[in-house]
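Source file: work_5.txt. Holds: compact mmCIF, C-alpha atoms and all ligand atoms.
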```txt
# COMPACT_ATOMS: atom_id res chain seq x y z
CA MET T 617 0.00 0.00 0.00
CA GLY T 618 1.32 3.37 -0.93
CA ARG T 619 -1.14 6.21 -0.97
CA PRO T 620 -2.37 7.33 2.44
CA SER T 621 -5.92 6.33 1.42
CA SER T 622 -4.68 2.79 0.72
CA VAL T 623 -3.41 2.70 4.29
CA ASP T 624 -6.92 3.40 5.54
CA ARG T 625 -8.39 0.67 3.32
CA ALA T 626 -5.82 -1.81 4.65
CA VAL T 627 -6.38 -1.00 8.30
CA GLU T 628 -10.15 -1.40 7.82
CA ALA T 629 -9.46 -5.05 7.08
CA ALA T 630 -9.01 -5.65 10.79
CA ASP T 631 -12.71 -4.90 11.33
CA VAL T 632 -14.16 -7.05 8.55
CA THR T 633 -16.03 -10.13 9.74
CA LEU T 634 -16.04 -13.26 7.63
CA SER T 635 -18.41 -16.16 8.29
CA ALA T 636 -17.43 -19.79 7.86
CA ASP T 637 -19.40 -19.73 4.58
CA ASP T 638 -17.47 -16.65 3.35
CA LEU T 639 -14.22 -18.35 4.18
CA ALA T 640 -15.25 -21.54 2.41
CA ALA T 641 -16.26 -19.54 -0.66
CA LEU T 642 -12.87 -17.79 -0.78
CA ASP T 643 -11.08 -21.07 -0.17
CA ALA T 644 -12.91 -22.59 -3.14
CA ALA T 645 -12.39 -19.56 -5.39
CA PHE T 646 -8.63 -19.29 -4.73
CA PRO T 647 -7.10 -22.76 -4.40
CA ILE T 648 -3.33 -23.14 -4.74
CA GLY T 649 -2.40 -23.17 -8.41
CA VAL T 650 -5.48 -21.31 -9.69
CA VAL T 651 -3.45 -18.30 -10.86
CA ALA T 652 -1.98 -18.26 -14.37
CA GLY T 653 1.66 -17.24 -14.76
CA ALA T 654 4.64 -17.11 -12.43
CA ARG T 655 4.87 -14.47 -9.65
CA TYR T 656 8.33 -13.32 -10.81
CA PRO T 657 10.03 -13.35 -14.21
CA GLU T 658 10.86 -17.01 -14.96
CA ALA T 659 14.62 -16.42 -14.93
CA TYR T 660 14.36 -15.08 -11.36
CA MET T 661 12.30 -17.96 -9.94
CA PRO T 662 15.29 -20.13 -8.82
CA SER T 663 16.38 -17.46 -6.31
CA LEU T 664 13.13 -17.86 -4.35
CA GLY T 665 12.39 -20.32 -1.56
CA ARG T 666 15.95 -21.63 -1.48
CA MET D 937 -3.41 13.78 0.13
CA THR D 938 -6.06 11.55 -1.41
CA GLY D 939 -8.99 10.28 0.58
CA THR D 940 -7.43 10.54 4.01
CA ASP D 941 -10.05 11.74 6.43
CA ASP D 942 -9.07 13.75 9.45
CA ARG D 943 -11.33 11.95 11.87
CA MET D 944 -9.45 11.28 15.10
CA THR D 945 -8.71 7.61 15.07
CA GLU D 946 -7.80 5.66 18.14
CA ALA D 947 -4.87 3.40 17.48
CA HIS D 948 -6.23 0.08 18.71
CA MET D 949 -4.91 -2.44 16.24
CA GLU D 950 -4.47 -6.00 17.40
CA THR D 951 -0.86 -7.04 17.79
CA ARG D 952 1.41 -9.95 16.94
CA THR D 953 4.83 -10.72 18.39
CA LEU D 954 8.05 -11.26 16.51
CA GLY D 955 10.09 -14.28 17.51
CA ASP D 956 12.18 -12.21 19.92
CA GLY D 957 9.04 -11.01 21.74
CA THR D 958 8.75 -7.57 20.11
CA PRO D 959 5.06 -6.66 19.74
CA VAL D 960 3.97 -5.23 16.39
CA GLY D 961 0.65 -4.15 14.88
CA ALA D 962 -0.91 -7.04 12.94
CA ILE D 963 -0.82 -4.97 9.74
CA ALA D 964 2.56 -3.64 8.60
CA LEU D 965 3.49 -1.01 6.03
CA GLY D 966 5.91 -1.80 3.23
CA ALA D 967 7.93 1.06 1.78
CA MET D 968 8.98 -0.58 -1.49
CA ALA D 969 6.48 1.05 -3.85
CA PHE D 970 7.32 4.55 -2.56
CA ALA D 971 10.78 4.10 -4.04
CA GLY D 972 9.37 3.64 -7.53
CA PHE D 973 9.34 -0.13 -7.80
CA TYR D 974 5.98 -0.18 -9.55
CA ALA D 975 5.16 3.26 -10.92
CA GLY D 976 7.13 6.46 -10.40
CA GLY D 977 7.38 6.51 -6.63
CA ASP D 978 6.75 9.49 -4.44
CA ASP D 979 8.78 10.19 -1.31
CA GLU D 980 6.46 12.83 0.10
CA GLU D 981 3.43 10.60 -0.32
CA GLY D 982 5.40 7.80 1.29
CA VAL D 983 6.17 9.89 4.35
CA ARG D 984 2.50 10.89 4.64
CA ALA D 985 1.39 7.25 4.27
CA ILE D 986 3.82 6.21 7.03
CA HIS D 987 2.54 8.94 9.35
CA ARG D 988 -1.05 7.94 8.63
CA ALA D 989 -0.23 4.27 9.25
CA LEU D 990 1.47 5.00 12.59
CA ASP D 991 -1.57 7.04 13.62
CA LEU D 992 -3.80 4.06 12.83
CA GLY D 993 -1.78 1.66 14.99
CA VAL D 994 0.58 0.21 12.37
CA THR D 995 4.03 -0.14 13.95
CA LEU D 996 6.07 -2.46 11.71
CA LEU D 997 7.65 -0.55 8.81
CA ASP D 998 9.31 -2.68 6.16
CA THR D 999 12.05 -1.54 3.80
CA ALA D 1000 15.25 -2.83 2.17
CA GLU D 1001 18.46 -1.38 0.84
CA ALA D 1002 17.47 -2.81 -2.55
CA TYR D 1003 14.36 -0.62 -2.76
CA GLY D 1004 15.78 2.23 -4.80
CA GLN D 1005 19.36 1.73 -3.53
CA GLY D 1006 18.62 3.36 -0.19
CA ARG D 1007 15.83 5.66 -1.37
CA SER D 1008 13.13 3.73 0.48
CA GLU D 1009 15.28 3.49 3.64
CA GLY D 1010 15.90 7.22 3.42
CA LEU D 1011 12.24 8.13 3.36
CA VAL D 1012 11.41 5.69 6.17
CA GLY D 1013 14.17 7.26 8.26
CA ARG D 1014 12.86 10.73 7.54
CA ALA D 1015 9.29 9.72 8.38
CA VAL D 1016 10.21 8.32 11.81
CA ARG D 1017 12.78 10.92 12.82
CA ASP D 1018 10.39 12.60 15.27
CA ARG D 1019 8.54 9.41 16.25
CA ARG D 1020 11.13 6.63 16.36
CA ASP D 1021 9.68 5.12 19.52
CA ARG D 1022 6.38 4.35 17.77
CA ALA D 1023 7.91 2.33 14.95
CA VAL D 1024 9.52 -1.08 14.64
CA ILE D 1025 11.92 -0.75 11.72
CA ALA D 1026 12.80 -3.69 9.50
CA THR D 1027 15.24 -3.58 6.61
CA LYS D 1028 17.01 -6.17 4.49
CA ALA D 1029 20.48 -7.10 3.29
CA SER D 1030 20.71 -8.04 -0.37
CA ARG D 1031 23.38 -10.71 0.14
CA GLY D 1032 24.85 -12.89 2.89
CA GLY D 1033 28.28 -13.48 4.38
CA PRO D 1034 30.19 -11.65 7.15
CA ALA D 1035 32.09 -9.17 4.98
CA TYR D 1036 29.03 -8.09 3.00
CA LEU D 1037 26.77 -7.83 6.06
CA ARG D 1038 29.23 -5.72 8.08
CA GLU D 1039 29.24 -3.10 5.34
CA ALA D 1040 25.60 -3.42 4.34
CA ILE D 1041 24.25 -2.76 7.85
CA ASP D 1042 26.30 0.42 8.13
CA ARG D 1043 25.02 1.62 4.74
CA SER D 1044 21.42 0.87 5.75
CA LEU D 1045 21.78 2.60 9.11
CA GLY D 1046 23.26 5.55 7.23
CA HIS D 1047 20.30 5.75 4.84
CA LEU D 1048 17.87 5.41 7.73
CA GLY D 1049 19.74 7.83 9.98
CA LEU D 1050 19.47 5.36 12.87
CA ASP D 1051 21.89 3.64 15.21
CA HIS D 1052 20.08 0.30 15.07
CA VAL D 1053 17.25 -1.50 13.28
CA ASP D 1054 14.73 -3.67 15.09
CA LEU D 1055 14.74 -6.43 12.50
CA TYR D 1056 17.36 -7.21 9.84
CA TYR D 1057 16.41 -9.68 7.13
CA LEU D 1058 18.51 -11.59 4.67
CA HIS D 1059 16.55 -10.51 1.55
CA ARG D 1060 17.37 -13.65 -0.46
CA VAL D 1061 19.19 -16.79 0.59
CA ASP D 1062 22.68 -16.33 -0.84
CA PRO D 1063 23.72 -19.42 -2.85
CA GLU D 1064 27.38 -18.44 -2.43
CA VAL D 1065 27.42 -18.52 1.38
CA PRO D 1066 26.25 -21.28 3.75
CA ILE D 1067 23.32 -19.99 5.81
CA GLU D 1068 25.18 -20.91 9.03
CA GLU D 1069 27.93 -18.45 8.15
CA THR D 1070 25.45 -15.69 7.38
CA MET D 1071 23.53 -16.29 10.61
CA GLY D 1072 26.79 -16.22 12.58
CA ALA D 1073 27.50 -12.81 11.05
CA MET D 1074 23.96 -11.69 11.87
CA ALA D 1075 24.51 -12.77 15.49
CA ASP D 1076 27.62 -10.56 15.53
CA LEU D 1077 25.51 -7.58 14.39
CA VAL D 1078 23.06 -8.30 17.21
CA ALA D 1079 25.95 -8.45 19.70
CA ALA D 1080 27.24 -5.13 18.32
CA GLY D 1081 23.83 -3.52 19.01
CA LYS D 1082 23.20 -2.62 15.37
CA VAL D 1083 20.39 -5.14 14.97
CA ARG D 1084 17.82 -6.29 17.53
CA ALA D 1085 16.48 -9.37 15.75
CA VAL D 1086 17.20 -11.36 12.60
CA GLY D 1087 14.82 -12.40 9.83
CA LEU D 1088 14.82 -14.39 6.60
CA SER D 1089 12.98 -13.60 3.37
CA GLU D 1090 11.99 -16.14 0.68
CA ALA D 1091 13.84 -18.94 2.45
CA GLY D 1092 12.78 -22.58 2.24
CA PRO D 1093 11.98 -24.84 5.23
CA ASP D 1094 15.41 -26.54 5.38
CA THR D 1095 17.25 -23.22 5.33
CA ILE D 1096 14.95 -21.88 8.04
CA ARG D 1097 15.75 -24.82 10.31
CA ARG D 1098 19.50 -24.59 9.70
CA ALA D 1099 19.48 -20.84 10.31
CA HIS D 1100 17.40 -21.10 13.46
CA ALA D 1101 19.88 -23.60 14.91
CA VAL D 1102 22.63 -20.93 14.74
CA HIS D 1103 20.70 -17.87 15.87
CA PRO D 1104 16.94 -17.44 16.51
CA VAL D 1105 15.04 -16.41 13.40
CA ALA D 1106 12.53 -13.81 14.63
CA ALA D 1107 10.55 -13.48 11.40
CA LEU D 1108 10.11 -15.11 8.03
CA GLN D 1109 8.83 -12.90 5.23
CA THR D 1110 7.51 -14.45 2.02
CA GLU D 1111 4.85 -13.70 -0.54
CA TYR D 1112 1.40 -14.76 0.61
CA SER D 1113 -2.01 -13.77 -0.73
CA LEU D 1114 -5.17 -15.30 -2.15
CA PHE D 1115 -3.14 -15.53 -5.37
CA HIS D 1116 -0.18 -17.27 -3.73
CA ARG D 1117 -1.22 -19.58 -0.92
CA ASP D 1118 1.67 -22.00 -1.25
CA PRO D 1119 3.14 -21.00 2.16
CA GLU D 1120 0.22 -22.82 3.80
CA ARG D 1121 1.83 -26.11 2.72
CA ASP D 1122 5.25 -25.84 4.29
CA LEU D 1123 6.20 -22.38 5.57
CA LEU D 1124 3.34 -21.64 7.96
CA PRO D 1125 3.81 -25.01 9.69
CA VAL D 1126 7.57 -24.61 10.14
CA THR D 1127 7.31 -21.05 11.45
CA ARG D 1128 4.64 -22.11 13.89
CA GLU D 1129 6.72 -25.05 15.08
CA LEU D 1130 9.82 -22.91 15.67
CA GLY D 1131 8.05 -19.84 17.13
CA ILE D 1132 8.99 -17.62 14.19
CA ALA D 1133 6.69 -14.73 13.22
CA TYR D 1134 5.35 -15.01 9.68
CA VAL D 1135 5.18 -11.77 7.67
CA ALA D 1136 3.22 -11.86 4.39
CA TYR D 1137 4.50 -9.65 1.58
CA SER D 1138 2.56 -8.53 -1.48
CA PRO D 1139 -0.68 -9.48 0.30
CA LEU D 1140 -2.63 -7.94 -2.58
CA SER D 1141 -0.54 -9.80 -5.15
CA ARG D 1142 1.21 -6.53 -6.05
CA GLY D 1143 -2.11 -4.81 -6.71
CA LEU D 1144 -3.93 -7.57 -8.64
CA LEU D 1145 -6.29 -8.22 -5.72
CA THR D 1146 -7.44 -4.60 -5.63
CA GLY D 1147 -9.33 -5.20 -8.89
CA ARG D 1148 -7.91 -1.98 -10.29
CA ILE D 1149 -5.58 -3.65 -12.77
CA ARG D 1150 -7.75 -5.02 -15.58
CA GLY D 1151 -5.23 -5.10 -18.44
CA GLU D 1152 -1.57 -4.45 -19.21
CA ASP D 1153 -2.41 -0.89 -20.23
CA ASP D 1154 -3.25 -0.14 -16.60
CA LEU D 1155 0.49 -0.40 -15.83
CA ASP D 1156 2.97 2.36 -16.74
CA ALA D 1157 5.53 1.55 -19.41
CA GLY D 1158 8.34 1.33 -16.82
CA ASP D 1159 6.36 -0.65 -14.26
CA TRP D 1160 8.31 -3.76 -13.14
CA ARG D 1161 5.11 -5.81 -13.07
CA ARG D 1162 4.99 -5.81 -16.88
CA GLN D 1163 7.88 -8.31 -16.73
CA VAL D 1164 5.95 -10.68 -14.48
CA PRO D 1165 4.10 -13.52 -16.27
CA ARG D 1166 0.94 -13.23 -14.18
CA PHE D 1167 0.54 -9.60 -15.31
CA GLN D 1168 0.84 -10.47 -19.00
CA GLY D 1169 -1.69 -11.09 -21.79
CA ALA D 1170 -3.88 -14.16 -21.47
CA ASN D 1171 -2.52 -14.87 -17.95
CA LEU D 1172 -3.66 -11.48 -16.77
CA ALA D 1173 -7.10 -11.89 -18.36
CA HIS D 1174 -7.48 -15.28 -16.64
CA ASN D 1175 -6.39 -13.82 -13.29
CA VAL D 1176 -8.67 -10.78 -13.49
CA ALA D 1177 -11.61 -13.11 -14.23
CA LEU D 1178 -10.82 -14.99 -10.99
CA LEU D 1179 -11.61 -11.86 -8.98
CA ALA D 1180 -15.39 -11.95 -9.58
CA PRO D 1181 -16.36 -13.83 -6.38
CA LEU D 1182 -14.06 -11.62 -4.28
CA GLU D 1183 -15.47 -8.44 -5.81
CA GLU D 1184 -19.02 -9.66 -5.30
CA MET D 1185 -18.40 -10.51 -1.65
CA ALA D 1186 -16.71 -7.12 -1.10
CA ARG D 1187 -19.72 -5.32 -2.58
CA ALA D 1188 -22.08 -7.29 -0.35
CA LYS D 1189 -20.03 -6.31 2.72
CA GLY D 1190 -19.65 -2.70 1.65
CA VAL D 1191 -15.83 -2.79 1.70
CA SER D 1192 -13.21 -2.44 -1.02
CA THR D 1193 -11.91 -5.54 -2.79
CA ALA D 1194 -8.46 -4.85 -1.33
CA THR D 1195 -9.84 -4.63 2.20
CA LEU D 1196 -11.60 -7.98 1.84
CA ALA D 1197 -8.53 -9.63 0.32
CA LEU D 1198 -6.48 -8.47 3.33
CA ALA D 1199 -9.18 -9.48 5.81
CA SER D 1200 -9.14 -13.03 4.49
CA PHE D 1201 -5.71 -13.52 6.10
CA ARG D 1202 -6.84 -13.09 9.62
CA TRP D 1203 -9.61 -15.58 9.14
CA TRP D 1204 -7.39 -17.94 7.28
CA ALA D 1205 -4.95 -17.87 10.16
CA TRP D 1206 -7.86 -18.69 12.42
CA ALA D 1207 -8.89 -21.64 10.26
CA VAL D 1208 -5.32 -22.91 10.09
CA ARG D 1209 -4.92 -22.60 13.84
CA ARG D 1210 -8.19 -24.38 14.37
CA ALA D 1211 -7.06 -27.22 12.16
CA TRP D 1212 -3.84 -27.44 14.17
CA THR D 1213 -5.33 -27.26 17.62
CA GLY D 1214 -8.63 -28.98 16.94
CA ARG D 1215 -10.28 -26.19 18.88
CA SER D 1216 -12.69 -23.66 17.50
CA ARG D 1217 -11.55 -20.22 18.53
CA ARG D 1218 -12.53 -16.88 17.17
CA PRO D 1219 -9.64 -14.86 15.76
CA THR D 1220 -7.92 -12.91 18.46
N1 LIG T 1301 10.79 -9.71 1.03
C1 LIG T 1301 10.58 -9.53 -0.24
O1 LIG T 1301 11.26 -10.10 -1.08
C2 LIG T 1301 9.51 -8.60 -0.67
C3 LIG T 1301 9.04 -8.59 -2.00
C4 LIG T 1301 8.00 -7.73 -2.34
C5 LIG T 1301 7.46 -6.88 -1.37
N2 LIG T 1301 7.96 -6.89 -0.10
C6 LIG T 1301 7.43 -5.99 0.95
O2 LIG T 1301 6.04 -6.07 0.99
C7 LIG T 1301 5.50 -4.76 0.84
C8 LIG T 1301 4.19 -4.83 0.15
O3 LIG T 1301 4.37 -5.38 -1.14
P1 LIG T 1301 3.52 -4.85 -2.33
O4 LIG T 1301 3.70 -3.40 -2.47
O5 LIG T 1301 3.78 -5.73 -3.49
O6 LIG T 1301 2.04 -5.12 -1.69
P2 LIG T 1301 0.59 -5.31 -2.25
O7 LIG T 1301 -0.26 -4.79 -1.17
O8 LIG T 1301 0.40 -6.70 -2.72
O9 LIG T 1301 0.47 -4.39 -3.55
C9 LIG T 1301 0.56 -3.02 -3.47
C10 LIG T 1301 -0.18 -2.43 -4.65
O10 LIG T 1301 -1.56 -2.47 -4.37
C11 LIG T 1301 -2.09 -1.16 -4.41
N3 LIG T 1301 -3.05 -0.99 -3.32
C12 LIG T 1301 -2.87 -1.25 -2.02
N4 LIG T 1301 -3.99 -0.99 -1.33
C13 LIG T 1301 -4.89 -0.56 -2.22
C14 LIG T 1301 -6.22 -0.15 -2.12
N5 LIG T 1301 -6.85 -0.13 -0.96
N6 LIG T 1301 -6.85 0.22 -3.24
C15 LIG T 1301 -6.23 0.20 -4.41
N7 LIG T 1301 -4.95 -0.17 -4.57
C16 LIG T 1301 -4.29 -0.54 -3.47
C17 LIG T 1301 -0.95 -0.24 -4.21
O11 LIG T 1301 -1.25 0.96 -4.82
P3 LIG T 1301 -0.97 2.36 -4.05
O12 LIG T 1301 0.51 2.48 -4.01
O13 LIG T 1301 -1.59 3.34 -4.94
O14 LIG T 1301 -1.58 2.26 -2.72
C18 LIG T 1301 0.18 -0.99 -4.89
O15 LIG T 1301 0.18 -0.77 -6.28
C19 LIG T 1301 6.57 -3.98 0.10
O16 LIG T 1301 6.44 -2.59 0.29
C20 LIG T 1301 7.81 -4.54 0.71
O17 LIG T 1301 8.06 -3.90 1.95
C21 LIG T 1301 8.95 -7.73 0.25
```

File written out as structure tokens:
Amino acid sequence: MGRPSSVDRAVEAADVTLSADDLAALDAAFPIGVVAGARYPEAYMPSLGR
Amino acid sequence: MTGTDDRMTEAHMETRTLGDGTPVGAIALGAMAFAGFYAGGDDEEGVRAIHRALDLGVTLLDTAEAYGQGRSEGLVGRAVRDRRDRAVIATKASRGGPAYLREAIDRSLGHLGLDHVDLYYLHRVDPEVPIEETMGAMADLVAAGKVRAVGLSEAGPDTIRRAHAVHPVAALQTEYSLFHRDPERDLLPVTRELGIAYVAYSPLSRGLLTGRIRGEDDLDAGDWRRQVPRFQGANLAHNVALLAPLEEMARAKGVSTATLALASFRWWAWAVRRAWTGRSRRPT
């Protein structure tokens, strides 16, 4: 987060309530491996998680 | 200053503790983007964001020498000059080994204008230097009073165990978000076992989880993210399409997509803890 307004949005996260159903829905929508494409340029990947 | 209201806000954020017992606000502020890693960067805005964050109960400020070759450290140092006691300052060394670390910490302290940092990370595990040697050098920096606690970033489970055997690892920082949950498999368990604080970086997947990046054209020509496969072409289209359920849930709750994506962590942690302890506890 960079802009001061983004800081406010982030800190609001502490007050958000999620039900077990919400959590299950997010869990189902974002399983490991669902994202397409590496998180760093391919050539850089070997320097991560060493 | 965009969108910052001047309502008096009580700083009452819940806290976590680093491995050495230092309490920190559960939400930290990273100072990488201020130094122009994504778009242009803006030091003044960075200083204002840090002040706002401290007012809201954020205490852990995260930087690295690599973020703009000292530019990010410089603005963090400037922001905390008149409020050092309210901040827990973390920075990172780009490489390992005793000779490098001795010089790097002095450069970082110089950029920050401080006599010590609260947490000093090895930014990337250095393939040229055994982790034991690097941790021994880190222990020397602790003994010299330049560093209070030592952390690792983007280290794997074996390295974490080997490092921790030489000197306590107070924090592990790796990428973790709805778009990168891999740490749940191996890193969260090992940090929990060893009493190491876990710090998630890029919790919004570098902006993807805000829903504001819909196509490559939303990134400036010089933006580093254009080089990252998940921000490119068909990958990006696929990833943006994945956001629909998150955006819908955020609308229903009346919060921003980014806020909901961040909130999921706390509840995730609760679910993980519940699975580990077999007890059902509300997040604390
Ligand atoms: N250890 C490591 O190797 C490593 C690697 C990467 C990052 N990090 C650390 O983690 C920190 C955070 O990483 P990151 O910057 O990639 O985090 P991020 O939160 O995943 O992404 C930040 C991006 O999201 C945007 N954003 C944040 N809140 C928003 C909101 N409410 N609405 C709209 N946009 C919002 C930001 O834009 P604005 O700037 O406009 O707010 C920025 O472009 C860094 O500053 C750094 O300290 C560490």

Contact residues (chain T, partner chain D, 6 Å, all atoms listed in the file) as a list of chain:residue names: T:Arg619, T:Pro620, T:Ser621, T:Arg625, T:Ala626, T:Ala629, T:Phe646, T:Ile648, T:Val651, T:Ala652, T:Gly653, T:Ala654, T:Tyr656, T:Pro657, T:Leu664, T:Gly665, T:Arg666

Among the residues T:Asp638, T:Asp643, T:Val623, T:Tyr660, the one that comes closest to ligand LIG 1301 (chain T) [using all atoms listed in the file]: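 Checking each candidate against ligand LIG 1301 (chain T), we get T:Val623 as the closest.
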
Centre and edge lengths of an axis-aligned box around all listed atoms of ligand LIG 1301 (chain T), with 6 Å added on each side, are to be given in Å to one decimal, as lines of an AutoDock Vina configuration file.
```
center_x = 2.2
center_y = -3.4
center_z = -2.2
size_x = 30.1
size_y = 25.4
size_z = 20.2
```

Best match for closeness to ligand LIG 1301 (chain T) among D:Tyr1134, D:Tyr974, D:Tyr1036, D:Tyr1056, counting all atoms listed in the file: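 Nearest to ligand LIG 1301 (chain T): D:Tyr974.
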
Residue nearest Val1102 (chain D) among D:Gly1006, D:Gly1131, D:Gly1147, D:Gly1072 (counting only C-alpha atoms):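 Ranked by minimum distance to Val1102 (chain D), first place goes to D:Gly1072.
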
Can you sort out region 642-650 of chain T so it carries all heavy atoms, written as an mmCIF file, in the frame of the given file?
```
data_model
loop_
_atom_site.group_PDB
_atom_site.id
_atom_site.type_symbol
_atom_site.label_atom_id
_atom_site.label_comp_id
_atom_site.auth_asym_id
_atom_site.auth_seq_id
_atom_site.Cartn_x
_atom_site.Cartn_y
_atom_site.Cartn_z
ATOM 1 N N LEU T 642 -14.182 -18.291 -0.346
ATOM 2 C CA LEU T 642 -12.870 -17.790 -0.780
ATOM 3 C C LEU T 642 -11.890 -18.941 -0.982
ATOM 4 O O LEU T 642 -11.114 -18.956 -1.938
ATOM 5 C CB LEU T 642 -12.312 -16.788 0.244
ATOM 6 C CG LEU T 642 -13.069 -15.461 0.365
ATOM 7 C CD1 LEU T 642 -12.478 -14.599 1.478
ATOM 8 C CD2 LEU T 642 -13.047 -14.700 -0.958
ATOM 9 N N ASP T 643 -11.960 -19.898 -0.070
ATOM 10 C CA ASP T 643 -11.080 -21.070 -0.170
ATOM 11 C C ASP T 643 -11.306 -21.773 -1.505
ATOM 12 O O ASP T 643 -10.355 -22.159 -2.192
ATOM 13 C CB ASP T 643 -11.384 -22.007 1.006
ATOM 14 C CG ASP T 643 -10.397 -23.150 1.105
ATOM 15 O OD1 ASP T 643 -9.231 -22.974 0.700
ATOM 16 O OD2 ASP T 643 -10.791 -24.228 1.582
ATOM 17 N N ALA T 644 -12.573 -21.890 -1.896
ATOM 18 C CA ALA T 644 -12.910 -22.590 -3.140
ATOM 19 C C ALA T 644 -12.538 -21.761 -4.364
ATOM 20 O O ALA T 644 -12.143 -22.295 -5.399
ATOM 21 C CB ALA T 644 -14.393 -22.927 -3.164
ATOM 22 N N ALA T 645 -12.647 -20.436 -4.241
ATOM 23 C CA ALA T 645 -12.390 -19.560 -5.390
ATOM 24 C C ALA T 645 -10.885 -19.376 -5.642
ATOM 25 O O ALA T 645 -10.484 -19.052 -6.759
ATOM 26 C CB ALA T 645 -13.056 -18.201 -5.172
ATOM 27 N N PHE T 646 -10.075 -19.545 -4.597
ATOM 28 C CA PHE T 646 -8.630 -19.290 -4.730
ATOM 29 C C PHE T 646 -7.785 -20.464 -4.223
ATOM 30 O O PHE T 646 -6.962 -20.302 -3.310
ATOM 31 C CB PHE T 646 -8.253 -18.003 -3.975
ATOM 32 C CG PHE T 646 -8.987 -16.788 -4.486
ATOM 33 C CD1 PHE T 646 -10.125 -16.328 -3.838
ATOM 34 C CD2 PHE T 646 -8.559 -16.142 -5.640
ATOM 35 C CE1 PHE T 646 -10.827 -15.216 -4.328
ATOM 36 C CE2 PHE T 646 -9.251 -15.042 -6.133
ATOM 37 C CZ PHE T 646 -10.385 -14.579 -5.480
ATOM 38 N N PRO T 647 -7.964 -21.640 -4.810
ATOM 39 C CA PRO T 647 -7.100 -22.760 -4.400
ATOM 40 C C PRO T 647 -5.677 -22.541 -4.903
ATOM 41 O O PRO T 647 -5.454 -21.769 -5.848
ATOM 42 C CB PRO T 647 -7.747 -23.961 -5.099
ATOM 43 C CG PRO T 647 -8.429 -23.384 -6.298
ATOM 44 C CD PRO T 647 -8.881 -22.000 -5.898
ATOM 45 N N ILE T 648 -4.718 -23.227 -4.271
ATOM 46 C CA ILE T 648 -3.330 -23.140 -4.740
ATOM 47 C C ILE T 648 -3.274 -23.581 -6.200
ATOM 48 O O ILE T 648 -3.882 -24.575 -6.572
ATOM 49 C CB ILE T 648 -2.418 -24.028 -3.863
ATOM 50 C CG1 ILE T 648 -2.279 -23.412 -2.456
ATOM 51 C CG2 ILE T 648 -1.027 -24.177 -4.505
ATOM 52 C CD1 ILE T 648 -1.448 -24.231 -1.485
ATOM 53 N N GLY T 649 -2.586 -22.797 -7.010
ATOM 54 C CA GLY T 649 -2.400 -23.170 -8.410
ATOM 55 C C GLY T 649 -3.439 -22.592 -9.355
ATOM 56 O O GLY T 649 -3.367 -22.794 -10.563
ATOM 57 N N VAL T 650 -4.411 -21.819 -8.833
ATOM 58 C CA VAL T 650 -5.480 -21.310 -9.690
ATOM 59 C C VAL T 650 -4.996 -20.154 -10.581
ATOM 60 O O VAL T 650 -5.555 -19.885 -11.637
ATOM 61 C CB VAL T 650 -6.696 -20.862 -8.834
ATOM 62 C CG1 VAL T 650 -6.410 -19.542 -8.134
ATOM 63 C CG2 VAL T 650 -7.948 -20.751 -9.685
#
```
